[in-house]
file query.txt (compact mmCIF, C-alpha atoms)
# COMPACT_ATOMS: atom_id res chain seq x y z
CA MET A 89 20.89 23.78 14.02
CA ASP A 90 18.67 25.83 16.34
CA GLY A 91 15.65 24.69 14.35
CA VAL A 92 16.64 21.03 14.77
CA VAL A 93 16.96 21.34 18.54
CA SER A 94 13.68 23.26 18.79
CA ALA A 95 11.79 20.68 16.70
CA VAL A 96 13.06 17.71 18.74
CA ALA A 97 12.37 19.59 21.99
CA LEU A 98 8.78 20.30 20.91
CA VAL A 99 8.27 16.63 20.00
CA LEU A 100 9.54 15.64 23.46
CA PHE A 101 7.32 18.23 25.16
CA ALA A 102 4.29 16.97 23.21
CA GLY A 103 4.90 13.44 24.49
CA ILE A 104 5.20 14.63 28.09
CA LEU A 105 1.99 16.68 27.89
CA ALA A 106 0.16 13.76 26.29
CA LEU A 107 1.04 11.51 29.23
CA GLU A 108 0.22 14.14 31.85
CA PHE A 109 -3.19 15.11 30.48
CA GLY A 110 -4.27 11.89 28.77
CA ILE A 111 -4.36 13.44 25.29
CA SER A 112 -3.35 11.68 22.10
CA THR A 113 0.31 12.48 21.47
CA ALA A 114 -0.35 12.62 17.71
CA ILE A 115 -2.81 15.49 18.22
CA LEU A 116 -0.28 17.50 20.22
CA GLU A 117 2.54 16.77 17.76
CA LEU A 118 0.34 18.04 14.95
CA ILE A 119 -0.51 21.20 16.90
CA PHE A 120 3.10 21.80 17.90
CA GLY A 121 4.23 21.36 14.30
CA ALA A 122 1.75 24.00 13.12
CA THR A 123 2.83 26.27 15.98
CA ALA A 124 6.51 25.88 15.08
CA SER A 125 5.83 26.71 11.45
CA ASN A 126 3.50 29.67 11.91
CA LEU A 127 4.33 31.27 15.26
CA LEU A 128 7.91 30.36 16.15
CA SER A 129 9.31 31.00 12.65
CA LEU A 130 11.63 28.01 12.73
CA GLU A 131 14.00 27.68 9.81
CA ASN A 132 13.12 25.19 7.09
CA ILE A 133 14.45 21.84 8.30
CA ALA A 134 15.32 19.83 5.19
CA TRP A 135 15.99 16.56 6.99
CA MET A 136 12.58 16.49 8.64
CA GLY A 137 10.79 15.50 5.44
CA VAL A 138 13.06 12.48 4.95
CA LEU A 139 12.67 11.25 8.53
CA ALA A 140 8.93 11.97 8.43
CA ASN A 141 8.62 9.75 5.34
CA ILE A 142 10.29 6.92 7.24
CA GLY A 143 7.85 7.60 10.06
CA THR A 144 4.94 7.32 7.62
CA LEU A 145 6.18 3.96 6.37
CA GLY A 146 6.85 2.76 9.92
CA ILE A 147 3.34 3.69 11.06
CA MET A 148 1.82 1.94 8.05
CA PHE A 149 4.05 -1.08 8.71
CA PHE A 150 2.68 -1.40 12.24
CA ALA A 151 -0.86 -0.79 11.01
CA GLY A 152 -0.37 -3.87 8.84
CA PHE A 153 1.32 -5.64 11.74
CA GLU A 154 -1.79 -5.05 13.91
CA THR A 155 -4.04 -6.49 11.19
CA ASP A 156 -4.72 -9.87 12.76
CA LEU A 157 -5.95 -12.15 9.99
CA LYS A 158 -7.20 -14.68 12.54
CA ILE A 159 -9.50 -12.07 14.07
CA LEU A 160 -10.76 -11.11 10.64
CA ALA A 161 -11.43 -14.74 9.80
CA LYS A 162 -13.24 -15.51 13.04
CA ASN A 163 -15.65 -12.56 12.98
CA HIS A 164 -15.37 -11.70 9.31
CA ARG A 165 -19.08 -11.36 8.52
CA LYS A 166 -19.86 -9.06 11.43
CA SER A 167 -16.65 -7.10 10.97
CA ILE A 168 -17.22 -6.66 7.23
CA LEU A 169 -20.76 -5.33 7.68
CA ILE A 170 -19.70 -2.89 10.41
CA ALA A 171 -16.69 -1.76 8.39
CA LEU A 172 -18.84 -1.14 5.31
CA GLY A 173 -21.31 0.93 7.32
CA SER A 174 -18.50 2.89 8.97
CA TYR A 175 -16.65 3.54 5.71
CA VAL A 176 -19.30 3.88 3.03
CA THR A 177 -21.69 6.21 4.92
CA PRO A 178 -19.23 9.09 5.52
CA PHE A 179 -17.78 8.47 2.05
CA ILE A 180 -21.17 9.04 0.40
CA PHE A 181 -22.02 11.98 2.68
CA THR A 182 -18.70 13.72 2.00
CA PHE A 183 -18.61 13.07 -1.74
CA PHE A 184 -22.20 14.30 -2.19
CA VAL A 185 -21.57 17.52 -0.27
CA VAL A 186 -18.16 18.27 -1.79
CA TYR A 187 -18.92 17.31 -5.40
CA TYR A 188 -22.56 18.30 -5.84
CA ILE A 189 -22.95 21.16 -3.36
CA LEU A 190 -19.49 22.73 -3.07
CA GLY A 191 -18.63 22.06 -6.73
CA PHE A 192 -15.21 20.41 -6.34
CA GLN A 193 -13.75 18.43 -9.22
CA TYR A 194 -14.06 14.64 -9.23
CA ASN A 195 -10.57 13.57 -8.01
CA PRO A 196 -10.38 16.06 -5.12
CA SER A 197 -13.91 15.04 -4.12
CA ILE A 198 -12.94 11.35 -4.07
CA LEU A 199 -9.79 12.12 -2.08
CA LEU A 200 -11.74 14.15 0.48
CA ALA A 201 -14.35 11.38 0.74
CA ILE A 202 -11.64 8.78 1.40
CA GLY A 203 -9.88 11.00 3.95
CA MET A 204 -13.10 11.69 5.85
CA SER A 205 -14.04 7.97 5.91
CA THR A 206 -10.88 6.65 7.52
CA THR A 207 -10.45 5.29 11.04
CA SER A 208 -7.09 5.30 12.80
CA LEU A 209 -6.33 1.76 13.90
CA ALA A 210 -3.25 3.12 15.68
CA ILE A 211 -5.58 4.98 18.10
CA VAL A 212 -8.56 2.60 18.16
CA TYR A 213 -6.34 -0.35 19.16
CA PRO A 214 -4.88 1.23 22.34
CA TYR A 215 -8.30 2.63 23.28
CA LEU A 216 -9.94 -0.82 23.14
CA GLU A 217 -6.98 -2.28 25.00
CA SER A 218 -7.09 0.36 27.76
CA GLN A 219 -10.82 -0.21 28.26
CA GLY A 220 -10.37 -3.97 28.49
CA PHE A 221 -12.55 -4.64 25.45
CA LEU A 222 -9.96 -6.73 23.59
CA LYS A 223 -10.63 -9.58 26.02
CA MET A 224 -14.26 -9.59 24.89
CA GLU A 225 -15.71 -10.81 21.62
CA ILE A 226 -17.34 -7.45 20.98
CA GLY A 227 -13.94 -5.77 21.24
CA GLN A 228 -12.33 -8.27 18.88
CA THR A 229 -15.13 -7.76 16.35
CA LEU A 230 -14.82 -3.98 16.51
CA LEU A 231 -11.05 -4.20 16.15
CA GLY A 232 -11.54 -6.36 13.08
CA SER A 233 -13.92 -3.74 11.68
CA ALA A 234 -11.37 -0.97 12.25
CA MET A 235 -8.77 -3.10 10.45
CA LEU A 236 -11.10 -3.52 7.48
CA VAL A 237 -11.76 0.22 7.34
CA ASP A 238 -7.97 0.61 7.07
CA LEU A 239 -7.90 -1.92 4.24
CA LEU A 240 -10.73 -0.14 2.42
CA SER A 241 -8.89 3.16 2.82
CA MET A 242 -5.66 1.72 1.45
CA LEU A 243 -7.44 0.05 -1.47
CA SER A 244 -9.29 3.26 -2.31
CA VAL A 245 -6.10 5.34 -2.17
CA SER A 246 -4.27 2.81 -4.34
CA ILE A 247 -6.97 2.96 -7.01
CA LEU A 248 -7.11 6.76 -6.86
CA PHE A 249 -3.35 7.27 -7.25
CA THR A 250 -2.53 4.41 -9.60
CA GLY A 251 -5.80 3.50 -11.32
CA ILE A 252 -6.45 0.05 -12.71
CA ARG A 253 -3.41 -0.23 -14.97
CA GLY A 254 -1.24 -2.99 -16.37
CA ASP A 255 1.49 -2.45 -13.80
CA ILE A 256 -0.99 -3.38 -11.07
CA ILE A 257 -0.72 -6.94 -12.40
CA VAL A 258 3.02 -6.83 -11.71
CA PHE A 259 2.21 -5.54 -8.23
CA LEU A 260 -0.26 -8.36 -7.61
CA ILE A 261 2.38 -10.88 -8.67
CA ALA A 262 5.10 -9.23 -6.58
CA VAL A 263 3.06 -9.32 -3.36
CA PRO A 264 2.72 -13.12 -3.02
CA VAL A 265 6.32 -13.60 -4.17
CA SER A 266 7.47 -11.15 -1.48
CA ALA A 267 5.25 -12.89 1.06
CA ILE A 268 7.14 -16.12 0.39
CA ILE A 269 10.72 -14.89 -0.01
CA LEU A 270 11.09 -11.98 2.43
CA PRO A 271 9.86 -13.80 5.56
CA LYS A 272 12.33 -16.62 4.86
CA ILE A 273 15.18 -14.12 4.56
CA GLY A 274 13.93 -12.39 7.68
CA LEU A 275 13.72 -15.64 9.65
CA TRP A 276 17.28 -16.58 8.64
CA ILE A 277 18.62 -13.17 9.70
CA PHE A 278 16.62 -13.18 12.92
CA LYS A 279 17.85 -16.63 13.95
CA ARG A 280 21.48 -16.15 12.94
CA TYR A 281 21.91 -12.72 14.50
CA GLU A 282 19.54 -13.01 17.45
CA LYS A 283 20.36 -10.77 20.45
CA ASN A 284 23.33 -9.11 18.76
CA ARG A 285 24.62 -5.67 19.63
CA ALA A 286 24.69 -4.62 16.00
CA GLU A 287 20.85 -4.85 15.89
CA VAL A 288 20.99 -6.49 12.44
CA GLU A 289 17.27 -7.37 12.64
CA LEU A 290 16.32 -3.72 13.06
CA ARG A 291 18.61 -2.72 10.21
CA PHE A 292 16.95 -5.31 7.99
CA ILE A 293 13.44 -3.98 8.71
CA LEU A 294 14.54 -0.35 8.26
CA LEU A 295 16.19 -1.30 4.96
CA LEU A 296 12.91 -2.80 3.80
CA LEU A 297 11.00 0.35 4.75
CA VAL A 298 13.43 2.65 2.95
CA ALA A 299 13.56 0.34 -0.08
CA LEU A 300 9.77 0.53 -0.38
CA ALA A 301 9.99 4.09 -1.67
CA LEU A 302 12.25 2.93 -4.51
CA VAL A 303 10.01 -0.03 -5.34
CA SER A 304 6.93 2.20 -5.43
CA GLU A 305 8.52 4.43 -8.09
CA TYR A 306 8.79 1.48 -10.49
CA SER A 307 5.45 -0.14 -9.68
CA GLY A 308 3.31 2.99 -9.56
CA VAL A 309 1.86 1.85 -6.24
CA HIS A 310 2.49 4.25 -3.37
CA SER A 311 5.06 3.16 -0.80
CA THR A 312 2.55 3.32 2.06
CA ILE A 313 0.61 0.49 0.44
CA PHE A 314 3.76 -1.64 0.34
CA ALA A 315 4.56 -0.76 3.96
CA TYR A 316 1.11 -1.85 5.06
CA ILE A 317 1.41 -5.18 3.22
CA MET A 318 4.93 -5.76 4.58
CA GLY A 319 3.54 -5.23 8.08
CA VAL A 320 0.96 -7.96 7.50
CA ILE A 321 3.60 -10.30 6.04
CA PHE A 322 6.11 -9.80 8.88
CA SER A 323 3.58 -9.91 11.71
CA SER A 324 4.14 -13.64 12.30
CA ILE A 325 7.93 -13.18 12.48
CA LEU A 326 7.92 -10.21 14.84
CA THR A 327 5.36 -11.90 17.10
CA ASN A 328 7.96 -14.58 17.82
CA HIS A 329 10.70 -11.97 18.38
CA GLU A 330 9.19 -9.66 20.96
CA GLU A 331 12.45 -7.86 21.74
CA VAL A 332 12.92 -6.84 18.12
CA GLU A 333 9.30 -5.77 17.90
CA LYS A 334 9.61 -3.63 21.04
CA LYS A 335 12.78 -1.97 19.77
CA LEU A 336 11.29 -1.30 16.35
CA ARG A 337 8.05 -0.03 17.85
CA GLY A 338 10.01 2.24 20.17
CA LEU A 339 12.07 3.59 17.28
CA ILE A 340 9.02 4.27 15.10
CA TYR A 341 6.64 5.60 17.74
CA GLY A 342 9.36 7.26 19.80
CA PHE A 343 11.17 9.12 17.00
CA PHE A 344 10.19 8.65 13.36
CA GLY A 345 6.41 8.59 13.94
CA PRO A 346 6.31 11.79 16.04
CA LEU A 347 8.32 13.55 13.35
CA PHE A 348 5.71 12.47 10.79
CA PHE A 349 2.90 14.09 12.79
CA PHE A 350 5.07 17.11 13.61
CA ASN A 351 6.02 17.57 9.96
CA SER A 352 2.38 17.22 8.87
CA GLY A 353 1.50 20.06 11.22
CA TYR A 354 4.58 21.97 10.09
CA LEU A 355 3.17 22.02 6.55
CA ILE A 356 0.00 23.78 7.74
CA ASP A 357 0.04 27.40 6.66
CA LEU A 358 -2.33 29.42 8.82
CA LYS A 359 -2.25 32.12 6.15
CA GLU A 360 -4.39 29.72 4.12
CA LEU A 361 -7.16 29.98 6.74
CA ASP A 362 -9.28 32.46 4.83
CA PHE A 363 -13.07 32.47 5.00
CA GLU A 364 -13.46 29.78 2.31
CA THR A 365 -10.99 27.42 4.03
CA ILE A 366 -12.63 27.88 7.43
CA GLN A 367 -16.03 27.33 5.84
CA LEU A 368 -14.81 24.10 4.18
CA LEU A 369 -13.25 22.98 7.47
CA ALA A 370 -16.53 23.56 9.35
CA ILE A 371 -18.66 21.80 6.73
CA LEU A 372 -16.34 18.79 6.48
CA THR A 373 -16.12 18.47 10.27
CA VAL A 374 -19.91 18.26 10.59
CA VAL A 375 -20.33 15.96 7.59
CA ALA A 376 -17.41 13.65 8.46
CA PHE A 377 -18.22 13.30 12.15
CA THR A 378 -21.95 12.86 11.58
CA GLY A 379 -21.53 10.43 8.68
CA LYS A 380 -19.02 8.27 10.56
CA TYR A 381 -21.07 8.33 13.77
CA ILE A 382 -24.38 7.45 12.09
CA GLY A 383 -22.92 4.78 9.81
CA THR A 384 -20.97 3.08 12.59
CA ARG A 385 -23.68 3.32 15.23
CA ILE A 386 -26.44 1.90 13.02
CA ALA A 387 -24.22 -0.98 11.85
CA VAL A 388 -23.00 -1.87 15.36
CA LYS A 389 -26.51 -1.58 16.81
CA LYS A 390 -28.02 -3.97 14.27
CA ILE A 391 -25.15 -6.46 14.23
CA LEU A 392 -23.84 -6.51 17.80
CA GLY A 393 -26.71 -4.93 19.72
CA ARG A 394 -24.37 -3.21 22.20
CA GLY A 395 -21.55 -0.68 22.05
CA SER A 396 -23.04 1.36 19.21
CA ARG A 397 -22.76 4.81 20.82
CA LEU A 398 -19.21 4.15 21.97
CA SER A 399 -18.21 2.77 18.57
CA GLY A 400 -19.65 5.77 16.74
CA LEU A 401 -17.28 7.93 18.76
CA PHE A 402 -13.98 6.06 18.69
CA PHE A 403 -14.36 5.13 15.02
CA ASN A 404 -14.16 8.90 14.44
CA PHE A 405 -10.48 8.75 15.35
CA ARG A 406 -8.97 9.27 11.90
CA LEU A 407 -5.59 10.83 12.66
CA THR A 408 -3.03 8.53 11.03
CA PHE A 409 -4.73 7.61 7.77
CA GLY A 410 -6.49 10.96 7.49
CA ILE A 411 -3.17 12.79 7.65
CA ILE A 412 -1.45 10.38 5.25
CA ILE A 413 -4.22 10.73 2.67
CA ALA A 414 -4.25 14.53 2.97
CA LEU A 415 -0.46 14.64 2.61
CA LEU A 416 -0.49 12.33 -0.42
CA GLY A 417 -3.19 14.41 -2.06
CA TYR A 418 -1.22 17.61 -1.51
CA GLN A 419 2.09 16.14 -2.68
CA GLU A 420 0.47 14.71 -5.82
CA GLY A 421 -1.22 18.03 -6.63
CA ILE A 422 -4.76 16.69 -6.30
CA ILE A 423 -5.67 19.23 -3.60
CA SER A 424 -4.38 22.73 -2.86
CA LYS A 425 -2.58 23.77 0.30
CA SER A 426 -5.73 25.43 1.62
CA VAL A 427 -7.73 22.21 1.17
CA TYR A 428 -4.86 20.27 2.78
CA THR A 429 -5.02 22.64 5.74
CA ALA A 430 -8.79 22.16 5.98
CA MET A 431 -8.43 18.36 5.85
CA LEU A 432 -5.89 18.32 8.66
CA GLY A 433 -8.15 20.63 10.64
CA VAL A 434 -11.03 18.18 10.24
CA VAL A 435 -8.86 15.20 11.16
CA LEU A 436 -7.72 17.06 14.28
CA LEU A 437 -11.13 18.42 15.30
CA THR A 438 -13.05 15.16 14.88
CA SER A 439 -10.43 13.31 16.93
CA ILE A 440 -10.57 15.94 19.69
CA ILE A 441 -14.38 15.96 19.68
CA SER A 442 -14.44 12.16 19.92
CA SER A 443 -11.94 12.21 22.82
CA ILE A 444 -14.05 14.75 24.73
CA PHE A 445 -17.31 12.84 24.26
CA LEU A 446 -15.67 9.56 25.25
CA LYS A 447 -14.50 11.14 28.49
CA VAL A 448 -17.91 12.64 29.41
CA THR A 449 -20.09 9.68 28.41
CA PRO A 450 -18.88 6.76 30.56
CA THR A 451 -22.29 5.09 31.00
CA GLU A 452 -21.97 2.59 28.18
CA THR A 453 -18.36 1.82 29.02
CA ILE A 454 -19.30 0.97 32.60
CA TYR A 455 -22.22 -1.13 31.39
CA LEU A 456 -20.04 -3.15 29.05
CA LYS A 457 -17.45 -3.74 31.77
CA ARG A 458 -20.12 -4.91 34.18
CA ARG A 459 -21.48 -7.28 31.56
CA LYS A 460 -17.95 -8.53 30.97
CA LYS A 461 -17.49 -9.31 34.67
CA ARG A 462 -20.75 -11.26 34.72
CA GLY A 463 -19.56 -13.28 31.72
CA LYS A 464 -22.43 -12.20 29.47
CA ILE A 465 -20.26 -10.80 26.73
CA GLY A 466 -17.55 -12.61 24.84
CA ARG A 467 -18.53 -16.01 26.10
call {"tool": "encode", "arguments": {"input": "query.txt", "output": "structure tokens"}}
result
Amino acid sequence: MDGVVSAVALVLFAGILALEFGISTAILELIFGATASNLLSLENIAWMGVLANIGTLGIMFFAGFETDLKILAKNHRKSILIALGSYVTPFIFTFFVVYYILGFQYNPSILLAIGMSTTSLAIVYPYLESQGFLKMEIGQTLLGSAMLVDLLSMLSVSILFTGIRGDIIVFLIAVPVSAIILPKIGLWIFKRYEKNRAEVELRFILLLLVALALVSEYSGVHSTIFAYIMGVIFSSILTNHEEVEKKLRGLIYGFFGPLFFFNSGYLIDLKELDFETIQLLAILTVVAFTGKYIGTRIAVKKILGRGSRLSGLFFNFRLTFGIIIALLGYQEGIISKSVYTAMLGVVLLTSIISSIFLKVTPTETIYLKRRKKRGKIGR
């Protein structure tokens, strides 16, 4: 019981520090989880894994929820080109270094390449919103690009873990059927039990998230893929029920989500940080950050003309998807615990480096805001 109290207290403390110092709460939760596991010698908390899995599904659900199909449709050509540059460049860089230079096997190399190519929409979205860029066309286009990088990551992970098999056909059939049936059930429940104390709407969504794990076992498609798709499907319903959305968002990002990041850090074993692991961590950090920065900056510069330096930095936020991919690879036995530790280290370091550079390079941000005020951007 002491371990439970300590874990929840650390999660709370991480949130407070994040607000006080303007640091991503996910970064601190990851660090605190690793600290609890390696320095505080907390007892093994069996329930944390279960709640962390719900947190994973909830985060992926909201990642799908934030995928605005209208934005993608409006700026789809620009967004697609930027997303390809931002995803493919670090993918090629990482795969080449890991497979041909470091001598990893094919599947671990692909997994590492996917993990190093991701962009965390959950962090990019609030950053663009806080800077006021979402009111500008350039911000909407960049958000669409980040969404597409998420989609590419999910598609790549799905192919890696499931392959192109016959049961994928069943999955492809199930998705449109679910898109038709589940929203209708959801709408009926939402209308009939609106503003009830029993919070039936929340229970319905949570039931869906938990049921995804069971469905994934039969389909061969990982539950996070289903959660992402369900988020896209239910986005129109939740948009019209803001109270339910706020409660669900608070539940996921206030409890289940933090436990996911905390548990991911908790699985880090600092004993695995031998010379080879530290060397891999250093190499991947340089390759991942450089590849993402170059690919994104060149694409944004050629397509949008402005915001390239800024985009190269905040597209290097890869916390959520990077952690999920590393965790899936470790759980499926594709990578070892030492490689998992190195991947989380890279995800953490590149996000911290990006945050620091964004704070000390305000010139382009100020320029874009001035242009916005003059009405020269997004008009």
call {"tool": "atom_distance", "arguments": {"input": "query.txt", "atom1": "atom CA of A:Leu116", "atom2": "atom CA of A:Ala102"}}
result
5.5 Å
call {"tool": "residues_around", "arguments": {"input": "query.txt", "residues": "A:Leu127", "least_positions_apart": "6", "cutoff": "12 Å", "atoms": "only C-alpha atoms", "output": "PDB file with C-alpha atoms, in the frame of the given file"}}
result
ATOM      1  CA  ILE A 119      -0.510  21.200  16.900  1.00  0.00           C
ATOM      2  CA  PHE A 120       3.100  21.800  17.900  1.00  0.00           C
ATOM      3  CA  GLY A 121       4.230  21.360  14.300  1.00  0.00           C
ATOM      4  CA  TYR A 354       4.580  21.970  10.090  1.00  0.00           C
ATOM      5  CA  ILE A 356       0.000  23.780   7.740  1.00  0.00           C
ATOM      6  CA  ASP A 357       0.040  27.400   6.660  1.00  0.00           C
ATOM      7  CA  LEU A 358      -2.330  29.420   8.820  1.00  0.00           C
ATOM      8  CA  LYS A 359      -2.250  32.120   6.150  1.00  0.00           C
TER       9      LYS A 359
END
call {"tool": "closest_residue", "arguments": {"input": "query.txt", "among": "A:Met235, A:Val374, A:Gly319, A:Met224", "to": "A:Leu270", "atoms": "only C-alpha atoms"}}
result
A:Gly319
call {"tool": "axis_aligned_box", "arguments": {"input": "query.txt", "around": "stretch 396-402 of chain A", "padding_each_side": "4 Å", "output": "lines of an AutoDock Vina configuration file"}}
result
center_x = -18.5
center_y = 4.6
center_z = 19.4
size_x = 17.1
size_y = 14.6
size_z = 13.2
call {"tool": "atom_distance", "arguments": {"input": "query.txt", "atom1": "atom CA of A:Gly383", "atom2": "atom CA of A:Leu446"}}
result
17.7 Å
call {"tool": "closest_residue", "arguments": {"input": "query.txt", "among": "A:Val138, A:Gly220, A:Ile441, A:Ala114", "to": "A:Ser208", "atoms": "all atoms listed in the file"}}
result
A:Ala114
call {"tool": "atom_distance", "arguments": {"input": "query.txt", "atom1": "atom CA of A:Pro196", "atom2": "atom CA of A:Ile423"}}
result
5.9 Å
